[in-house]
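Data block below; observations after.
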Amino acid sequence: MSECTHNCSTCSSDCSSKEKNSLMEQPNALSSVKHIIAVVSGKGGVGKSLVTSMLAVNMQRLGYKVGILDADITGPSIPKSFGLKKGVDGDEHGMIPPTTTSGIDIMSVNLMLEDETKPVVWRGPVIAGAVKQFWTDTIWNDIDYMFIDCPPGTGDVPLTVFQSIPIDGIVIVSSPQELVSMIVEKAANMAKMMEIPVYGIVENMSYVKCPDCGKEIKVFGESHIEEIAEKFGYDLLGRIPMDPKLSALVDKGWIEMMNNDYLDTAADILVNRTQKKM
């Protein structure tokens, strides 16, 4: 067998790589996106959208041009975190995502609805098609890092993202509960099946810090995140406490004003991992 050139368009071999590449959707002709990181979780309610928003803000502060593709079609919350209400513009060349105060481009179904509280009652194939269009029909202009906020689980939409968009790697979001090992393993196994690297794990709701004495209170019991990260060989990207100040910023749409170091290490690790790939 001849050596693989990784150029499937000129290859006559029938291999798994060719099959995988054949499912990839081409971006808009005017788009330029260097790195794409999907944020996933094996279950809902662990703060995946919060982590996506914080990672985007940290990357923007490092001087990178950042975009967020909100793939959680039925439960979009990214625009709320950034206080973004501007609608999506467009022309004959494609859709133009609105930009936040600090310059983060965002595409979300909530930015296309007249009423943001109106439910999106679509079946799986239609939802998957919308996610593809956010990639193929949107003009992502000179994006260094795109973060994709995936809905929880391992169903239609995460599968569509993994198969249709050239993901560099994923970040898994978890919480301290005992069942988290199983949940992380589900997401990890899906990434392995799709041959996508896992850049690391973020634990949300790790603890509450007492405002009087500063003691860390483990609301959900002792964390096992370090053991889990070691078990799978993943980097522990950060631990986010239950922070009322952070929650208030999200509720007000002021996430870009956050002042903490919870995911500073995560941003540095993601830059190092993606730069090595180049």
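Numbering starts fresh at 1 for the residues of each chain in the structure tokens, the chains themselves are lettered A, B, ... in the order given, and ligands are numbered from 1 as they appear.
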*From a DSSP pass on the backbone, collect the residues of segment 41-223 of chain A flagged as strand (DSSP E) and hand them back as number ranges by chain.*
A: 66-70, 89-91, 94-96, 105-107, 143-149, 169-174, 198-204, 208-209, 216-217
Taking 5 positions as the minimum chain separation for residues in the same chain, which residues sit within 12 Å of Val57 of chain A when counting only C-alpha atoms? Answer as a CSV table (one decimal) with N, CA and C atoms, in the first residue's frame.
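Written output follows (part00.csv):
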```csv
chain,number,residue,atom,x,y,z
A,50,LEU,N,-21.3,28.3,30.4
A,50,LEU,CA,-20.5,29.2,31.2
A,50,LEU,C,-19.0,29.0,30.8
A,51,VAL,N,-18.6,27.8,30.8
A,51,VAL,CA,-17.2,27.5,30.5
A,51,VAL,C,-16.8,28.0,29.0
A,52,THR,N,-17.7,27.8,28.1
A,52,THR,CA,-17.5,28.3,26.7
A,52,THR,C,-17.3,29.8,26.7
A,62,LEU,N,-6.2,37.4,25.6
A,62,LEU,CA,-4.8,37.1,25.2
A,62,LEU,C,-4.4,37.7,23.9
A,63,GLY,N,-5.4,38.3,23.2
A,63,GLY,CA,-5.1,39.0,22.0
A,63,GLY,C,-5.6,38.3,20.7
A,64,TYR,N,-6.3,37.2,20.9
A,64,TYR,CA,-6.8,36.4,19.8
A,64,TYR,C,-8.2,36.9,19.3
A,65,LYS,N,-8.5,36.7,18.0
A,65,LYS,CA,-9.8,37.0,17.5
A,65,LYS,C,-10.6,35.7,17.8
A,66,VAL,N,-11.8,35.9,18.4
A,66,VAL,CA,-12.5,34.7,18.9
A,66,VAL,C,-14.0,34.7,18.4
A,67,GLY,N,-14.5,33.6,18.1
A,67,GLY,CA,-15.9,33.4,17.7
A,67,GLY,C,-16.5,32.3,18.5
A,68,ILE,N,-17.8,32.3,18.7
A,68,ILE,CA,-18.6,31.3,19.3
A,68,ILE,C,-19.7,30.8,18.4
A,81,SER,N,-25.4,35.5,28.1
A,81,SER,CA,-24.2,35.7,28.9
A,81,SER,C,-23.5,37.0,28.5
A,82,PHE,N,-23.5,37.3,27.2
A,82,PHE,CA,-22.8,38.5,26.7
A,82,PHE,C,-23.7,39.7,26.5
A,100,THR,N,-19.8,41.1,20.1
A,100,THR,CA,-19.9,41.6,21.5
A,100,THR,C,-19.1,42.8,21.7
A,101,THR,N,-19.2,43.4,22.9
A,101,THR,CA,-18.5,44.6,23.3
A,101,THR,C,-17.0,44.5,23.1
A,102,SER,N,-16.5,43.3,23.4
A,102,SER,CA,-15.0,43.2,23.4
A,102,SER,C,-14.6,42.6,22.0
A,103,GLY,N,-15.5,42.3,21.1
A,103,GLY,CA,-15.2,41.9,19.7
A,103,GLY,C,-15.3,40.4,19.5
A,104,ILE,N,-16.1,39.7,20.3
A,104,ILE,CA,-16.3,38.3,20.0
A,104,ILE,C,-17.5,38.1,19.1
A,105,ASP,N,-17.2,37.4,18.0
A,105,ASP,CA,-18.3,37.1,17.0
A,105,ASP,C,-19.1,35.9,17.5
A,145,TYR,N,-9.6,31.6,17.2
A,145,TYR,CA,-10.2,30.5,18.0
A,145,TYR,C,-11.7,30.5,17.9
A,146,MET,N,-12.3,29.5,17.4
A,146,MET,CA,-13.7,29.3,17.5
A,146,MET,C,-14.1,28.3,18.6
A,147,PHE,N,-15.0,28.6,19.5
A,147,PHE,CA,-15.5,27.7,20.5
A,147,PHE,C,-16.9,27.3,20.1
A,254,TRP,N,-23.0,40.5,31.4
A,254,TRP,CA,-21.7,41.2,31.6
A,254,TRP,C,-20.5,40.2,31.7
A,255,ILE,N,-20.5,39.0,31.2
A,255,ILE,CA,-19.5,38.0,31.3
A,255,ILE,C,-18.1,38.6,30.9
A,256,GLU,N,-18.1,39.5,30.0
A,256,GLU,CA,-16.8,40.1,29.6
A,256,GLU,C,-16.2,41.0,30.6
A,257,MET,N,-16.9,41.2,31.7
A,257,MET,CA,-16.3,42.0,32.8
A,257,MET,C,-15.8,41.2,33.9
A,258,MET,N,-15.8,39.8,33.8
A,258,MET,CA,-15.4,38.9,34.8
A,258,MET,C,-13.9,39.2,35.2
A,259,ASN,N,-13.7,39.1,36.5
A,259,ASN,CA,-12.4,39.3,37.1
A,259,ASN,C,-12.0,38.1,38.0
A,260,ASN,N,-11.5,37.1,37.3
A,260,ASN,CA,-11.0,35.9,38.1
A,260,ASN,C,-10.0,35.2,37.3
A,261,ASP,N,-9.3,34.2,37.9
A,261,ASP,CA,-8.3,33.4,37.2
A,261,ASP,C,-8.6,32.0,37.1
A,262,TYR,N,-9.9,31.6,37.2
A,262,TYR,CA,-10.4,30.3,37.2
A,262,TYR,C,-9.9,29.5,36.0
A,263,LEU,N,-9.9,30.1,34.8
A,263,LEU,CA,-9.6,29.4,33.6
A,263,LEU,C,-8.3,30.0,32.8
A,264,ASP,N,-7.5,30.7,33.6
A,264,ASP,CA,-6.3,31.3,33.0
A,264,ASP,C,-5.4,30.2,32.5
A,266,ALA,N,-6.3,27.2,31.7
A,266,ALA,CA,-6.9,26.5,30.5
A,266,ALA,C,-6.6,27.2,29.2
A,267,ALA,N,-6.7,28.5,29.2
A,267,ALA,CA,-6.4,29.3,28.0
A,267,ALA,C,-5.0,29.0,27.5
```
*asked:* Just checking: using only C-alpha atoms, which residue out of A:Met24, A:Pro244, A:Asp212, A:Gly221 ends up closest to Thr160 of chain A?
replied: A:Met24
*Return the single residue from A:Val126, A:Leu69, A:Val208, A:Leu270 that is closest to Lys245 of chain A, with distances computed using only C-alpha atoms.*
A:Val208
*Leaving out Ile148 of chain A and any residue of its chain fewer than 3 positions from it, which residues lie within 7 Å of it when counting only C-alpha atoms, given as a PyMOL selection string?*
chain A and resi 37-39+68-71
*Measuring atom to atom with only C-alpha atoms, identify which of A:Gly155, A:Gly83, A:Gly42, A:Thr138 is nearest to Gly253 of chain A.*
A:Gly83
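Omitting Arg273 of chain A and its sequence neighbours fewer than 4 positions away, and counting only C-alpha atoms, the residues within 12 Å are His35, Ile36, Ile37, Asp168, Gly169, Ile170, Val171, Pro197, Val198, Tyr199, Gly200, Asp235, Ala266, Ala267, Asp268, Ile269, Lys277 and Met278 of chain A.
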_When you look at Arg239 of chain A with a cut-off of 8 Å (counting only C-alpha atoms), what residues show up, excluding the ones that are within fewer than 3 positions of it in the same chain? I need them as a list in words._
Val202, Glu203, Asn204, Met205, Ser206, Tyr262 and Leu263 of chain A
Please produce an output containing N, CA and C atoms for each residue in the selection, written as a compact mmCIF listing (two decimals), in the first residue's frame.
```
# COMPACT_ATOMS: atom_id res chain seq x y z
N VAL A 202 -12.68 20.55 32.60
CA VAL A 202 -12.96 21.66 33.51
C VAL A 202 -14.03 21.19 34.49
N GLU A 203 -13.78 21.39 35.78
CA GLU A 203 -14.79 21.07 36.79
C GLU A 203 -15.49 22.34 37.21
N ASN A 204 -16.80 22.36 37.08
CA ASN A 204 -17.61 23.50 37.50
C ASN A 204 -18.30 23.18 38.81
N MET A 205 -18.68 24.20 39.55
CA MET A 205 -19.37 24.07 40.85
C MET A 205 -18.52 23.26 41.84
N SER A 206 -17.22 23.49 41.80
CA SER A 206 -16.29 22.70 42.61
C SER A 206 -16.48 22.92 44.11
N TYR A 262 -9.93 31.64 37.15
CA TYR A 262 -10.36 30.25 37.18
C TYR A 262 -9.90 29.46 35.96
N LEU A 263 -9.90 30.09 34.79
CA LEU A 263 -9.56 29.37 33.57
C LEU A 263 -8.35 29.98 32.84
```
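When atom CA of Ile240 of chain A is paired with atom CA of Pro76 of chain A, their separation reads 21.2 Å.
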*For the atom pair atom CA of Gly129 of chain A and atom CA of Val184 of chain A, what is the interatomic distance in Å to one decimal place?*
26.8 Å
_Residues within 10 Å of Gly90 of chain A, only C-alpha atoms, excluding chain neighbours under 5 positions, as a PyMOL selection string_ = chain A and resi 95-97+137-139
Written file, previous selection with C-alpha atoms, as an mmCIF file, in the first residue's frame:
```cif
data_model
loop_
_atom_site.group_PDB
_atom_site.id
_atom_site.type_symbol
_atom_site.label_atom_id
_atom_site.label_comp_id
_atom_site.auth_asym_id
_atom_site.auth_seq_id
_atom_site.Cartn_x
_atom_site.Cartn_y
_atom_site.Cartn_z
ATOM 1 C CA MET A 95 -24.701 35.528 7.339
ATOM 2 C CA ILE A 96 -22.655 38.004 9.372
ATOM 3 C CA PRO A 97 -22.503 37.219 13.101
ATOM 4 C CA ASP A 137 -23.418 29.959 5.642
ATOM 5 C CA THR A 138 -21.787 32.258 8.212
ATOM 6 C CA ILE A 139 -18.873 34.510 7.319
#
```
*asked:* So that I can see what lies close to Phe220 of chain A, please list as number ranges by chain the residues with an atom at most 9 Å from it, counting only C-alpha atoms and leaving out residues fewer than 5 positions away in the same chain.
replied: A: 175-178, 205-207
For the residues in that selection, give me N, CA and C atoms as a PDB file, in the first residue's frame.
```pdb
ATOM      1  N   SER A 175     -18.794  18.057  36.824  1.00  0.00           N
ATOM      2  CA  SER A 175     -19.103  18.589  38.152  1.00  0.00           C
ATOM      3  C   SER A 175     -18.636  17.566  39.183  1.00  0.00           C
ATOM      4  N   PRO A 176     -18.640  17.917  40.470  1.00  0.00           N
ATOM      5  CA  PRO A 176     -18.004  17.033  41.469  1.00  0.00           C
ATOM      6  C   PRO A 176     -18.795  15.779  41.875  1.00  0.00           C
ATOM      7  N   GLN A 177     -20.007  15.592  41.404  1.00  0.00           N
ATOM      8  CA  GLN A 177     -20.790  14.453  41.852  1.00  0.00           C
ATOM      9  C   GLN A 177     -20.128  13.114  41.524  1.00  0.00           C
ATOM     10  N   GLU A 178     -20.490  12.101  42.273  1.00  0.00           N
ATOM     11  CA  GLU A 178     -19.886  10.778  42.121  1.00  0.00           C
ATOM     12  C   GLU A 178     -20.081  10.191  40.725  1.00  0.00           C
ATOM     13  N   MET A 205     -18.684  24.204  39.548  1.00  0.00           N
ATOM     14  CA  MET A 205     -19.366  24.065  40.852  1.00  0.00           C
ATOM     15  C   MET A 205     -18.521  23.262  41.835  1.00  0.00           C
ATOM     16  N   SER A 206     -17.217  23.491  41.798  1.00  0.00           N
ATOM     17  CA  SER A 206     -16.289  22.704  42.610  1.00  0.00           C
ATOM     18  C   SER A 206     -16.478  22.919  44.108  1.00  0.00           C
ATOM     19  N   TYR A 207     -16.774  24.152  44.490  1.00  0.00           N
ATOM     20  CA  TYR A 207     -16.888  24.479  45.920  1.00  0.00           C
ATOM     21  C   TYR A 207     -17.520  25.860  46.050  1.00  0.00           C
TER      22      TYR A 207
END
```
*Would you return as a PyMOL selection string the members of segment 22-253 of chain A that DSSP assigns to alpha helix (DSSP H) on this structure's backbone?*
chain A and resi 22+48-61+78-82+124-136+156-164+180-193+225-232+244-252
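Comparing A:Asn110, A:Ser174, A:Thr74, A:Ser31 by their smallest distance to Val46 of chain A, the closest is A:Ser174 (using only C-alpha atoms).
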